[in-house]
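Undergrad: Dropping in entry15.txt, with compact mmCIF, N, CA and C atoms.
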```txt
# COMPACT_ATOMS: atom_id res chain seq x y z
N MET R 1 90.84 75.62 109.30
CA MET R 1 91.86 76.62 109.52
C MET R 1 91.96 76.91 111.01
N LYS R 2 93.19 76.97 111.50
CA LYS R 2 93.44 77.20 112.91
C LYS R 2 93.21 78.67 113.26
N GLN R 3 92.50 78.92 114.38
CA GLN R 3 92.21 80.26 114.85
C GLN R 3 93.26 80.70 115.86
N SER R 4 93.65 81.96 115.83
CA SER R 4 94.53 82.47 116.87
C SER R 4 93.70 82.71 118.13
N CYS R 5 94.39 82.87 119.23
CA CYS R 5 93.70 83.15 120.50
C CYS R 5 92.94 84.47 120.41
N ALA R 6 93.55 85.49 119.79
CA ALA R 6 92.89 86.80 119.64
C ALA R 6 91.62 86.66 118.82
N GLU R 7 91.65 85.83 117.77
CA GLU R 7 90.46 85.62 116.94
C GLU R 7 89.38 84.88 117.72
N PHE R 8 89.77 83.84 118.48
CA PHE R 8 88.80 83.09 119.27
C PHE R 8 88.10 84.00 120.28
N LEU R 9 88.87 84.86 120.92
CA LEU R 9 88.30 85.77 121.91
C LEU R 9 87.55 86.95 121.29
N SER R 10 87.74 87.17 119.99
CA SER R 10 87.20 88.34 119.29
C SER R 10 87.69 89.63 119.92
N LEU R 11 88.96 89.65 120.33
CA LEU R 11 89.56 90.85 120.88
C LEU R 11 89.68 91.90 119.79
N THR R 12 89.37 93.12 120.13
CA THR R 12 89.52 94.20 119.16
C THR R 12 90.54 95.20 119.69
N HIS R 13 91.21 95.83 118.78
CA HIS R 13 92.24 96.82 119.08
C HIS R 13 91.84 98.05 118.29
N PRO R 14 90.91 98.87 118.85
CA PRO R 14 90.25 99.90 118.06
C PRO R 14 91.14 101.00 117.52
N VAL R 15 92.19 101.34 118.23
CA VAL R 15 93.10 102.40 117.77
C VAL R 15 94.52 101.96 118.07
N ASP R 16 95.48 102.67 117.52
CA ASP R 16 96.88 102.31 117.71
C ASP R 16 97.36 102.78 119.09
N THR R 17 96.91 102.07 120.11
CA THR R 17 97.28 102.38 121.49
C THR R 17 97.59 101.07 122.19
N GLN R 18 97.73 101.13 123.47
CA GLN R 18 97.94 99.93 124.28
C GLN R 18 96.62 99.48 124.89
N ARG R 19 95.52 99.71 124.20
CA ARG R 19 94.20 99.35 124.71
C ARG R 19 93.53 98.32 123.80
N TRP R 20 92.82 97.40 124.44
CA TRP R 20 92.08 96.35 123.74
C TRP R 20 90.68 96.29 124.31
N GLN R 21 89.77 95.65 123.57
CA GLN R 21 88.40 95.48 124.05
C GLN R 21 87.96 94.03 123.84
N LEU R 22 87.22 93.52 124.81
CA LEU R 22 86.70 92.16 124.77
C LEU R 22 85.23 92.22 125.14
N THR R 23 84.36 91.86 124.18
CA THR R 23 82.93 91.80 124.47
C THR R 23 82.62 90.46 125.11
N LEU R 24 81.93 90.49 126.23
CA LEU R 24 81.68 89.29 127.01
C LEU R 24 80.45 88.54 126.50
N THR R 25 80.69 87.66 125.56
CA THR R 25 79.63 86.87 124.95
C THR R 25 79.37 85.61 125.78
N PRO R 26 78.25 84.93 125.56
CA PRO R 26 77.96 83.71 126.33
C PRO R 26 79.04 82.63 126.21
N ARG R 27 79.69 82.51 125.06
CA ARG R 27 80.71 81.45 124.92
C ARG R 27 81.98 81.74 125.73
N LEU R 28 82.14 82.98 126.21
CA LEU R 28 83.29 83.35 127.04
C LEU R 28 82.95 83.43 128.52
N SER R 29 81.71 83.03 128.84
CA SER R 29 81.20 83.20 130.20
C SER R 29 80.74 81.89 130.79
N GLY R 30 80.69 81.85 132.13
CA GLY R 30 80.22 80.68 132.85
C GLY R 30 78.71 80.68 133.00
N GLY R 31 78.22 79.76 133.82
CA GLY R 31 76.79 79.57 134.01
C GLY R 31 76.05 80.79 134.51
N ARG R 32 76.67 81.61 135.29
CA ARG R 32 76.02 82.82 135.82
C ARG R 32 76.28 84.05 134.95
N GLY R 33 76.94 83.85 133.82
CA GLY R 33 77.16 84.94 132.90
C GLY R 33 78.44 85.73 133.13
N SER R 34 79.23 85.36 134.14
CA SER R 34 80.47 86.07 134.41
C SER R 34 81.61 85.50 133.57
N LEU R 35 82.58 86.32 133.29
CA LEU R 35 83.74 85.95 132.50
C LEU R 35 84.45 84.73 133.08
N PHE R 36 84.75 83.74 132.23
CA PHE R 36 85.57 82.61 132.65
C PHE R 36 86.95 83.15 133.02
N GLY R 37 87.53 82.66 134.12
CA GLY R 37 88.84 83.14 134.56
C GLY R 37 89.93 82.96 133.53
N GLY R 38 89.95 81.81 132.87
CA GLY R 38 90.97 81.57 131.86
C GLY R 38 90.86 82.50 130.68
N VAL R 39 89.65 82.94 130.37
CA VAL R 39 89.44 83.88 129.27
C VAL R 39 90.06 85.24 129.61
N GLY R 40 89.88 85.70 130.83
CA GLY R 40 90.47 86.96 131.24
C GLY R 40 91.99 86.92 131.19
N LEU R 41 92.56 85.81 131.67
CA LEU R 41 94.02 85.66 131.64
C LEU R 41 94.51 85.58 130.20
N ALA R 42 93.82 84.81 129.36
CA ALA R 42 94.22 84.69 127.95
C ALA R 42 94.16 86.03 127.24
N ALA R 43 93.13 86.82 127.49
CA ALA R 43 93.01 88.13 126.86
C ALA R 43 94.16 89.03 127.28
N GLY R 44 94.54 88.98 128.56
CA GLY R 44 95.66 89.77 129.04
C GLY R 44 96.97 89.35 128.41
N ILE R 45 97.16 88.05 128.24
CA ILE R 45 98.38 87.53 127.61
C ILE R 45 98.46 87.98 126.15
N VAL R 46 97.35 87.88 125.43
CA VAL R 46 97.33 88.33 124.03
C VAL R 46 97.68 89.81 123.94
N ALA R 47 97.07 90.62 124.79
CA ALA R 47 97.34 92.07 124.77
C ALA R 47 98.80 92.36 125.09
N LEU R 48 99.37 91.66 126.08
CA LEU R 48 100.77 91.87 126.45
C LEU R 48 101.71 91.44 125.32
N GLU R 49 101.41 90.32 124.67
CA GLU R 49 102.24 89.87 123.55
C GLU R 49 102.21 90.86 122.39
N HIS R 50 101.05 91.38 122.08
CA HIS R 50 100.94 92.34 120.98
C HIS R 50 101.63 93.66 121.33
N ALA R 51 101.51 94.09 122.59
CA ALA R 51 102.11 95.35 122.99
C ALA R 51 103.64 95.29 123.00
N THR R 52 104.19 94.11 123.30
CA THR R 52 105.65 93.97 123.40
C THR R 52 106.28 93.36 122.16
N ASN R 53 105.45 92.74 121.33
CA ASN R 53 105.95 91.99 120.17
C ASN R 53 106.90 90.88 120.60
N LYS R 54 106.64 90.30 121.77
CA LYS R 54 107.44 89.21 122.33
C LYS R 54 106.50 88.17 122.92
N PRO R 55 106.94 86.91 122.99
CA PRO R 55 106.09 85.89 123.62
C PRO R 55 106.07 86.06 125.14
N VAL R 56 104.91 85.85 125.74
CA VAL R 56 104.80 85.90 127.20
C VAL R 56 105.45 84.64 127.76
N ILE R 57 106.31 84.81 128.76
CA ILE R 57 106.99 83.68 129.38
C ILE R 57 106.45 83.37 130.77
N TRP R 58 105.68 84.30 131.33
CA TRP R 58 105.09 84.10 132.64
C TRP R 58 103.97 85.12 132.82
N ALA R 59 102.86 84.68 133.40
CA ALA R 59 101.76 85.62 133.69
C ALA R 59 100.86 85.04 134.77
N THR R 60 100.25 85.93 135.51
CA THR R 60 99.25 85.54 136.50
C THR R 60 98.18 86.63 136.54
N GLY R 61 97.01 86.26 137.01
CA GLY R 61 95.92 87.23 137.06
C GLY R 61 95.27 87.27 138.42
N GLN R 62 94.81 88.44 138.80
CA GLN R 62 94.05 88.62 140.03
C GLN R 62 92.66 89.12 139.62
N TYR R 63 91.64 88.36 139.99
CA TYR R 63 90.26 88.69 139.64
C TYR R 63 89.64 89.46 140.79
N LEU R 64 89.13 90.65 140.48
CA LEU R 64 88.66 91.55 141.52
C LEU R 64 87.15 91.72 141.56
N SER R 65 86.48 91.43 140.46
CA SER R 65 85.04 91.63 140.39
C SER R 65 84.47 90.74 139.30
N ILE R 66 83.19 90.44 139.39
CA ILE R 66 82.55 89.63 138.35
C ILE R 66 82.01 90.53 137.24
N THR R 67 81.69 89.90 136.13
CA THR R 67 81.11 90.64 135.00
C THR R 67 79.70 90.13 134.75
N ARG R 68 79.00 90.84 133.89
CA ARG R 68 77.65 90.45 133.49
C ARG R 68 77.64 90.23 131.98
N PRO R 69 76.68 89.46 131.49
CA PRO R 69 76.61 89.20 130.05
C PRO R 69 76.56 90.49 129.23
N ASP R 70 77.21 90.46 128.09
CA ASP R 70 77.21 91.54 127.10
C ASP R 70 77.92 92.82 127.55
N GLU R 71 78.65 92.77 128.66
CA GLU R 71 79.47 93.92 129.01
C GLU R 71 80.72 93.91 128.13
N ARG R 72 81.42 95.04 128.09
CA ARG R 72 82.67 95.12 127.34
C ARG R 72 83.81 95.35 128.32
N LEU R 73 84.80 94.47 128.27
CA LEU R 73 85.97 94.59 129.11
C LEU R 73 87.03 95.39 128.36
N ASP R 74 87.42 96.52 128.92
CA ASP R 74 88.48 97.34 128.34
C ASP R 74 89.79 96.96 129.01
N LEU R 75 90.78 96.60 128.21
CA LEU R 75 92.08 96.17 128.71
C LEU R 75 93.13 97.23 128.37
N GLU R 76 93.88 97.66 129.36
CA GLU R 76 94.96 98.62 129.14
C GLU R 76 96.29 97.98 129.50
N VAL R 77 97.24 98.03 128.59
CA VAL R 77 98.58 97.48 128.81
C VAL R 77 99.50 98.59 129.32
N ILE R 78 100.20 98.29 130.39
CA ILE R 78 101.17 99.20 130.99
C ILE R 78 102.51 98.47 131.02
N LEU R 79 103.56 99.11 130.52
CA LEU R 79 104.88 98.47 130.45
C LEU R 79 105.88 99.27 131.30
N PRO R 80 105.94 98.98 132.61
CA PRO R 80 106.80 99.77 133.49
C PRO R 80 108.29 99.42 133.41
N ALA R 81 108.65 98.25 132.89
CA ALA R 81 110.06 97.84 132.84
C ALA R 81 110.35 97.19 131.49
N ILE R 82 111.08 97.92 130.65
CA ILE R 82 111.42 97.42 129.32
C ILE R 82 112.92 97.18 129.28
N GLY R 83 113.29 95.90 129.26
CA GLY R 83 114.70 95.53 129.20
C GLY R 83 115.11 95.15 127.79
N ARG R 84 116.38 94.79 127.64
CA ARG R 84 116.91 94.41 126.34
C ARG R 84 116.24 93.13 125.82
N ASN R 85 116.04 92.16 126.72
CA ASN R 85 115.47 90.87 126.31
C ASN R 85 114.09 90.59 126.89
N VAL R 86 113.79 91.17 128.03
CA VAL R 86 112.54 90.88 128.74
C VAL R 86 111.81 92.18 129.08
N VAL R 87 110.51 92.17 128.88
CA VAL R 87 109.65 93.30 129.24
C VAL R 87 108.69 92.84 130.32
N GLN R 88 108.57 93.61 131.38
CA GLN R 88 107.59 93.29 132.43
C GLN R 88 106.41 94.22 132.24
N GLY R 89 105.22 93.62 132.29
CA GLY R 89 104.04 94.42 132.02
C GLY R 89 102.86 94.08 132.90
N ARG R 90 101.87 94.93 132.80
CA ARG R 90 100.63 94.78 133.57
C ARG R 90 99.49 95.09 132.61
N VAL R 91 98.43 94.32 132.72
CA VAL R 91 97.22 94.56 131.94
C VAL R 91 96.09 94.72 132.93
N VAL R 92 95.40 95.86 132.87
CA VAL R 92 94.30 96.12 133.79
C VAL R 92 93.00 96.12 132.99
N GLY R 93 92.05 95.29 133.42
CA GLY R 93 90.77 95.19 132.75
C GLY R 93 89.66 95.85 133.54
N HIS R 94 88.92 96.75 132.89
CA HIS R 94 87.82 97.48 133.51
C HIS R 94 86.53 97.28 132.72
N VAL R 95 85.42 97.34 133.41
CA VAL R 95 84.11 97.53 132.80
C VAL R 95 83.60 98.83 133.41
N GLY R 96 83.62 99.88 132.60
CA GLY R 96 83.30 101.20 133.13
C GLY R 96 84.32 101.58 134.18
N ASP R 97 83.86 101.95 135.37
CA ASP R 97 84.76 102.31 136.47
C ASP R 97 85.14 101.12 137.35
N ARG R 98 84.57 99.95 137.07
CA ARG R 98 84.82 98.75 137.86
C ARG R 98 86.06 98.02 137.37
N GLU R 99 87.06 97.85 138.23
CA GLU R 99 88.22 97.05 137.85
C GLU R 99 87.85 95.58 138.02
N ILE R 100 88.05 94.80 136.95
CA ILE R 100 87.65 93.40 136.93
C ILE R 100 88.83 92.47 137.15
N ILE R 101 89.94 92.74 136.45
CA ILE R 101 91.08 91.83 136.48
C ILE R 101 92.37 92.62 136.30
N THR R 102 93.42 92.16 136.95
CA THR R 102 94.76 92.68 136.72
C THR R 102 95.67 91.50 136.41
N ILE R 103 96.37 91.59 135.31
CA ILE R 103 97.30 90.54 134.90
C ILE R 103 98.70 91.14 134.94
N ILE R 104 99.64 90.44 135.56
CA ILE R 104 101.03 90.86 135.49
C ILE R 104 101.81 89.74 134.82
N GLY R 105 102.85 90.12 134.10
CA GLY R 105 103.62 89.10 133.42
C GLY R 105 104.90 89.64 132.84
N ALA R 106 105.64 88.72 132.24
CA ALA R 106 106.90 89.05 131.58
C ALA R 106 106.87 88.46 130.19
N ALA R 107 107.42 89.20 129.24
CA ALA R 107 107.48 88.74 127.86
C ALA R 107 108.91 88.91 127.36
N GLY R 108 109.33 87.97 126.53
CA GLY R 108 110.67 88.11 125.97
C GLY R 108 111.28 86.78 125.61
N ALA R 109 112.51 86.85 125.18
CA ALA R 109 113.25 85.67 124.79
C ALA R 109 114.73 86.01 124.81
N ARG R 110 115.54 85.04 125.12
CA ARG R 110 116.99 85.21 125.08
C ARG R 110 117.48 84.92 123.66
N PRO R 111 118.52 85.62 123.22
CA PRO R 111 119.00 85.42 121.86
C PRO R 111 119.66 84.06 121.62
N SER R 112 120.04 83.36 122.69
CA SER R 112 120.63 82.03 122.53
C SER R 112 120.20 81.11 123.66
N ALA R 113 120.36 79.81 123.47
CA ALA R 113 119.95 78.85 124.48
C ALA R 113 120.79 78.95 125.74
N ALA R 114 122.03 79.40 125.63
CA ALA R 114 122.93 79.51 126.79
C ALA R 114 122.43 80.63 127.69
```
Could you quickly redo this structure as structure tokens?

TA:
Amino acid sequence: MKQSCAEFLSLTHPVDTQRWQLTLTPRLSGGRGSLFGGVGLAAGIVALEHATNKPVIWATGQYLSITRPDERLDLEVILPAIGRNVVQGRVVGHVGDREIITIIGAAGARPSAA
């Protein structure tokens, strides 16, 4: 059975908010125990897609700090620009007071190919 990205990452959405949690397990971390960069970006994309109910069409991440094994990354989705077809958003990941990653992106789709 095929796993979704959210299932692979074991992302949790504890309450009905724009917040997600990612526990940093060894399979999501590199040799020194810090979060793999692609994992942080993927988690931000999943959170943005769920928050907007639209597919992400573009995203990038800025990594600001490293993580340690077994920490929990708290992801907060912020949607400053909600358009008819496209939503622009930001996902900020923290471990406690430490900002780890910021992802910005756009989600949406046009109603026709034209």

Undergrad: Write out as a list in words each polymer residue whose atoms come within 7 Å of range 68-70 of chain R, counting only N, CA and C atoms; drop sequence neighbours fewer than 4 positions from it.

TA: Thr23, Leu24, Thr25, Pro26, Arg32, Gly33, Ser34 and Leu35 of chain R

Undergrad: Residues at most 12 Å from Gly93 in chain R, counting only C-alpha atoms, excluding those fewer than 3 positions away in the same chain, as a short mmCIF file (atom, residue, chain, number, x, y, z; two decimals) with N, CA and C atoms, keeping the file's coordinate frame?

TA:
```cif
data_model
loop_
_atom_site.label_atom_id
_atom_site.label_comp_id
_atom_site.auth_asym_id
_atom_site.auth_seq_id
_atom_site.Cartn_x
_atom_site.Cartn_y
_atom_site.Cartn_z
N ARG R 19 95.52 99.71 124.20
CA ARG R 19 94.20 99.35 124.71
C ARG R 19 93.53 98.32 123.80
N TRP R 20 92.82 97.40 124.44
CA TRP R 20 92.08 96.35 123.74
C TRP R 20 90.68 96.29 124.31
N GLN R 21 89.77 95.65 123.57
CA GLN R 21 88.40 95.48 124.05
C GLN R 21 87.96 94.03 123.84
N LEU R 22 87.22 93.52 124.81
CA LEU R 22 86.70 92.16 124.77
C LEU R 22 85.23 92.22 125.14
N THR R 23 84.36 91.86 124.18
CA THR R 23 82.93 91.80 124.47
C THR R 23 82.62 90.46 125.11
N LEU R 35 82.58 86.32 133.29
CA LEU R 35 83.74 85.95 132.50
C LEU R 35 84.45 84.73 133.08
N VAL R 39 89.65 82.94 130.37
CA VAL R 39 89.44 83.88 129.27
C VAL R 39 90.06 85.24 129.61
N GLY R 40 89.88 85.70 130.83
CA GLY R 40 90.47 86.96 131.24
C GLY R 40 91.99 86.92 131.19
N LEU R 41 92.56 85.81 131.67
CA LEU R 41 94.02 85.66 131.64
C LEU R 41 94.51 85.58 130.20
N ALA R 43 93.13 86.82 127.49
CA ALA R 43 93.01 88.13 126.86
C ALA R 43 94.16 89.03 127.28
N GLY R 44 94.54 88.98 128.56
CA GLY R 44 95.66 89.77 129.04
C GLY R 44 96.97 89.35 128.41
N ILE R 45 97.16 88.05 128.24
CA ILE R 45 98.38 87.53 127.61
C ILE R 45 98.46 87.98 126.15
N ALA R 47 97.07 90.62 124.79
CA ALA R 47 97.34 92.07 124.77
C ALA R 47 98.80 92.36 125.09
N GLY R 61 97.01 86.26 137.01
CA GLY R 61 95.92 87.23 137.06
C GLY R 61 95.27 87.27 138.42
N GLN R 62 94.81 88.44 138.80
CA GLN R 62 94.05 88.62 140.03
C GLN R 62 92.66 89.12 139.62
N TYR R 63 91.64 88.36 139.99
CA TYR R 63 90.26 88.69 139.64
C TYR R 63 89.64 89.46 140.79
N LEU R 64 89.13 90.65 140.48
CA LEU R 64 88.66 91.55 141.52
C LEU R 64 87.15 91.72 141.56
N SER R 65 86.48 91.43 140.46
CA SER R 65 85.04 91.63 140.39
C SER R 65 84.47 90.74 139.30
N ILE R 66 83.19 90.44 139.39
CA ILE R 66 82.55 89.63 138.35
C ILE R 66 82.01 90.53 137.24
N THR R 67 81.69 89.90 136.13
CA THR R 67 81.11 90.64 135.00
C THR R 67 79.70 90.13 134.75
N GLU R 71 78.65 92.77 128.66
CA GLU R 71 79.47 93.92 129.01
C GLU R 71 80.72 93.91 128.13
N ARG R 72 81.42 95.04 128.09
CA ARG R 72 82.67 95.12 127.34
C ARG R 72 83.81 95.35 128.32
N LEU R 73 84.80 94.47 128.27
CA LEU R 73 85.97 94.59 129.11
C LEU R 73 87.03 95.39 128.36
N ASP R 74 87.42 96.52 128.92
CA ASP R 74 88.48 97.34 128.34
C ASP R 74 89.79 96.96 129.01
N LEU R 75 90.78 96.60 128.21
CA LEU R 75 92.08 96.17 128.71
C LEU R 75 93.13 97.23 128.37
N GLU R 76 93.88 97.66 129.36
CA GLU R 76 94.96 98.62 129.14
C GLU R 76 96.29 97.98 129.50
N VAL R 77 97.24 98.03 128.59
CA VAL R 77 98.58 97.48 128.81
C VAL R 77 99.50 98.59 129.32
N ILE R 78 100.20 98.29 130.39
CA ILE R 78 101.17 99.20 130.99
C ILE R 78 102.51 98.47 131.02
N ARG R 90 101.87 94.93 132.80
CA ARG R 90 100.63 94.78 133.57
C ARG R 90 99.49 95.09 132.61
N GLY R 96 83.62 99.88 132.60
CA GLY R 96 83.30 101.20 133.13
C GLY R 96 84.32 101.58 134.18
N ASP R 97 83.86 101.95 135.37
CA ASP R 97 84.76 102.31 136.47
C ASP R 97 85.14 101.12 137.35
N ARG R 98 84.57 99.95 137.07
CA ARG R 98 84.82 98.75 137.86
C ARG R 98 86.06 98.02 137.37
N GLU R 99 87.06 97.85 138.23
CA GLU R 99 88.22 97.05 137.85
C GLU R 99 87.85 95.58 138.02
N ILE R 100 88.05 94.80 136.95
CA ILE R 100 87.65 93.40 136.93
C ILE R 100 88.83 92.47 137.15
N ILE R 101 89.94 92.74 136.45
CA ILE R 101 91.08 91.83 136.48
C ILE R 101 92.37 92.62 136.30
N THR R 102 93.42 92.16 136.95
CA THR R 102 94.76 92.68 136.72
C THR R 102 95.67 91.50 136.41
N ILE R 103 96.37 91.59 135.31
CA ILE R 103 97.30 90.54 134.90
C ILE R 103 98.70 91.14 134.94
N ILE R 104 99.64 90.44 135.56
CA ILE R 104 101.03 90.86 135.49
C ILE R 104 101.81 89.74 134.82
#
```

Undergrad: For Ala6 in chain R, work out the shell of residues within 7 Å, counting only N, CA and C atoms and skipping chain neighbours fewer than 5 positions away, then give it as a VMD selection string.

TA: chain R and resid 11 to 12 46

Undergrad: Quote the spacing between atom C of Ala42 in chain R and CA of Leu9 in chain R in Å to one decimal place.

TA: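 These atoms are spaced 7.9 Å apart.
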
Undergrad: Using Å and a single decimal, report how far CA of His13 in chain R sits from CA of Ala51 in chain R.

TA: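 Answer for the CA of Ala51 in chain R to CA of His13 in chain R separation: 10.7 Å.
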
Undergrad: Find the spatial neighbours of Trp58 in chain R, counting all atoms listed in the file, within a cut-off of 5 Å - ignore same-chain residues fewer than 2 positions away - and output them as a list in words.

TA: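 With the cut-off at 5 Å, the set is Val56, Thr60, Gly105 and Ala106 of chain R.
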
Undergrad: Between CA of His50 in chain R and CA of Arg84 in chain R, what distance in Å does the model show, to one decimal?

TA: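 Atom-to-atom, CA of His50 in chain R and CA of Arg84 in chain R are spaced 17.0 Å apart.
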
Undergrad: Hey, which of R:Ser10, R:Asn53, R:Ser29, R:Ser4 ends up closest to Gly108 in chain R? Count only N, CA and C atoms.

TA: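 Of all the options, R:Asn53 lies closest to Gly108 in chain R.
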
Undergrad: Please supply range 3-12 of chain R, rebuilt with all heavy atoms, as a PDB file, keeping the file's coordinate frame.

TA:
```
ATOM      1  N   GLN R   3      92.500  78.920 114.380  1.00  0.00           N
ATOM      2  CA  GLN R   3      92.210  80.260 114.850  1.00  0.00           C
ATOM      3  C   GLN R   3      93.260  80.700 115.860  1.00  0.00           C
ATOM      4  O   GLN R   3      93.698  79.903 116.691  1.00  0.00           O
ATOM      5  CB  GLN R   3      90.869  80.253 115.588  1.00  0.00           C
ATOM      6  CG  GLN R   3      89.785  80.998 114.954  1.00  0.00           C
ATOM      7  CD  GLN R   3      88.532  81.003 115.843  1.00  0.00           C
ATOM      8  OE1 GLN R   3      88.379  80.240 116.762  1.00  0.00           O
ATOM      9  NE2 GLN R   3      87.641  81.891 115.521  1.00  0.00           N
ATOM     10  N   SER R   4      93.650  81.960 115.830  1.00  0.00           N
ATOM     11  CA  SER R   4      94.530  82.470 116.870  1.00  0.00           C
ATOM     12  C   SER R   4      93.700  82.710 118.130  1.00  0.00           C
ATOM     13  O   SER R   4      92.473  82.784 118.081  1.00  0.00           O
ATOM     14  CB  SER R   4      95.191  83.774 116.412  1.00  0.00           C
ATOM     15  OG  SER R   4      94.251  84.837 116.439  1.00  0.00           O
ATOM     16  N   CYS R   5      94.390  82.870 119.230  1.00  0.00           N
ATOM     17  CA  CYS R   5      93.700  83.150 120.500  1.00  0.00           C
ATOM     18  C   CYS R   5      92.940  84.470 120.410  1.00  0.00           C
ATOM     19  O   CYS R   5      91.817  84.577 120.876  1.00  0.00           O
ATOM     20  CB  CYS R   5      94.720  83.176 121.641  1.00  0.00           C
ATOM     21  SG  CYS R   5      93.987  83.229 123.273  1.00  0.00           S
ATOM     22  N   ALA R   6      93.550  85.490 119.790  1.00  0.00           N
ATOM     23  CA  ALA R   6      92.890  86.800 119.640  1.00  0.00           C
ATOM     24  C   ALA R   6      91.620  86.660 118.820  1.00  0.00           C
ATOM     25  O   ALA R   6      90.604  87.289 119.123  1.00  0.00           O
ATOM     26  CB  ALA R   6      93.837  87.807 118.998  1.00  0.00           C
ATOM     27  N   GLU R   7      91.650  85.830 117.770  1.00  0.00           N
ATOM     28  CA  GLU R   7      90.460  85.620 116.940  1.00  0.00           C
ATOM     29  C   GLU R   7      89.380  84.880 117.720  1.00  0.00           C
ATOM     30  O   GLU R   7      88.203  85.229 117.650  1.00  0.00           O
ATOM     31  CB  GLU R   7      90.827  84.836 115.688  1.00  0.00           C
ATOM     32  CG  GLU R   7      91.672  85.612 114.707  1.00  0.00           C
ATOM     33  CD  GLU R   7      92.251  84.739 113.604  1.00  0.00           C
ATOM     34  OE1 GLU R   7      92.440  83.525 113.810  1.00  0.00           O
ATOM     35  OE2 GLU R   7      92.530  85.294 112.532  1.00  0.00           O
ATOM     36  N   PHE R   8      89.770  83.840 118.480  1.00  0.00           N
ATOM     37  CA  PHE R   8      88.800  83.090 119.270  1.00  0.00           C
ATOM     38  C   PHE R   8      88.100  84.000 120.280  1.00  0.00           C
ATOM     39  O   PHE R   8      86.892  83.923 120.469  1.00  0.00           O
ATOM     40  CB  PHE R   8      89.480  81.933 120.013  1.00  0.00           C
ATOM     41  CG  PHE R   8      88.557  81.230 120.973  1.00  0.00           C
ATOM     42  CD1 PHE R   8      87.611  80.332 120.510  1.00  0.00           C
ATOM     43  CD2 PHE R   8      88.608  81.499 122.336  1.00  0.00           C
ATOM     44  CE1 PHE R   8      86.738  79.697 121.392  1.00  0.00           C
ATOM     45  CE2 PHE R   8      87.745  80.881 123.218  1.00  0.00           C
ATOM     46  CZ  PHE R   8      86.807  79.971 122.752  1.00  0.00           C
ATOM     47  N   LEU R   9      88.870  84.860 120.920  1.00  0.00           N
ATOM     48  CA  LEU R   9      88.300  85.770 121.910  1.00  0.00           C
ATOM     49  C   LEU R   9      87.550  86.950 121.290  1.00  0.00           C
ATOM     50  O   LEU R   9      86.828  87.648 121.977  1.00  0.00           O
ATOM     51  CB  LEU R   9      89.409  86.314 122.821  1.00  0.00           C
ATOM     52  CG  LEU R   9      90.143  85.287 123.674  1.00  0.00           C
ATOM     53  CD1 LEU R   9      91.347  85.928 124.342  1.00  0.00           C
ATOM     54  CD2 LEU R   9      89.221  84.660 124.691  1.00  0.00           C
ATOM     55  N   SER R  10      87.740  87.170 119.990  1.00  0.00           N
ATOM     56  CA  SER R  10      87.200  88.340 119.290  1.00  0.00           C
ATOM     57  C   SER R  10      87.690  89.630 119.920  1.00  0.00           C
ATOM     58  O   SER R  10      86.944  90.611 120.053  1.00  0.00           O
ATOM     59  CB  SER R  10      85.669  88.299 119.240  1.00  0.00           C
ATOM     60  OG  SER R  10      85.222  87.160 118.562  1.00  0.00           O
ATOM     61  N   LEU R  11      88.960  89.650 120.330  1.00  0.00           N
ATOM     62  CA  LEU R  11      89.560  90.850 120.880  1.00  0.00           C
ATOM     63  C   LEU R  11      89.680  91.900 119.790  1.00  0.00           C
ATOM     64  O   LEU R  11      90.046  91.585 118.661  1.00  0.00           O
ATOM     65  CB  LEU R  11      90.975  90.546 121.377  1.00  0.00           C
ATOM     66  CG  LEU R  11      91.159  90.130 122.818  1.00  0.00           C
ATOM     67  CD1 LEU R  11      92.603  89.744 123.080  1.00  0.00           C
ATOM     68  CD2 LEU R  11      90.737  91.204 123.775  1.00  0.00           C
ATOM     69  N   THR R  12      89.370  93.120 120.130  1.00  0.00           N
ATOM     70  CA  THR R  12      89.520  94.200 119.160  1.00  0.00           C
ATOM     71  C   THR R  12      90.540  95.200 119.690  1.00  0.00           C
ATOM     72  O   THR R  12      90.714  95.350 120.899  1.00  0.00           O
ATOM     73  CB  THR R  12      88.189  94.917 118.874  1.00  0.00           C
ATOM     74  OG1 THR R  12      87.660  95.434 120.096  1.00  0.00           O
ATOM     75  CG2 THR R  12      87.190  93.978 118.229  1.00  0.00           C
TER      76      THR R  12
END
```
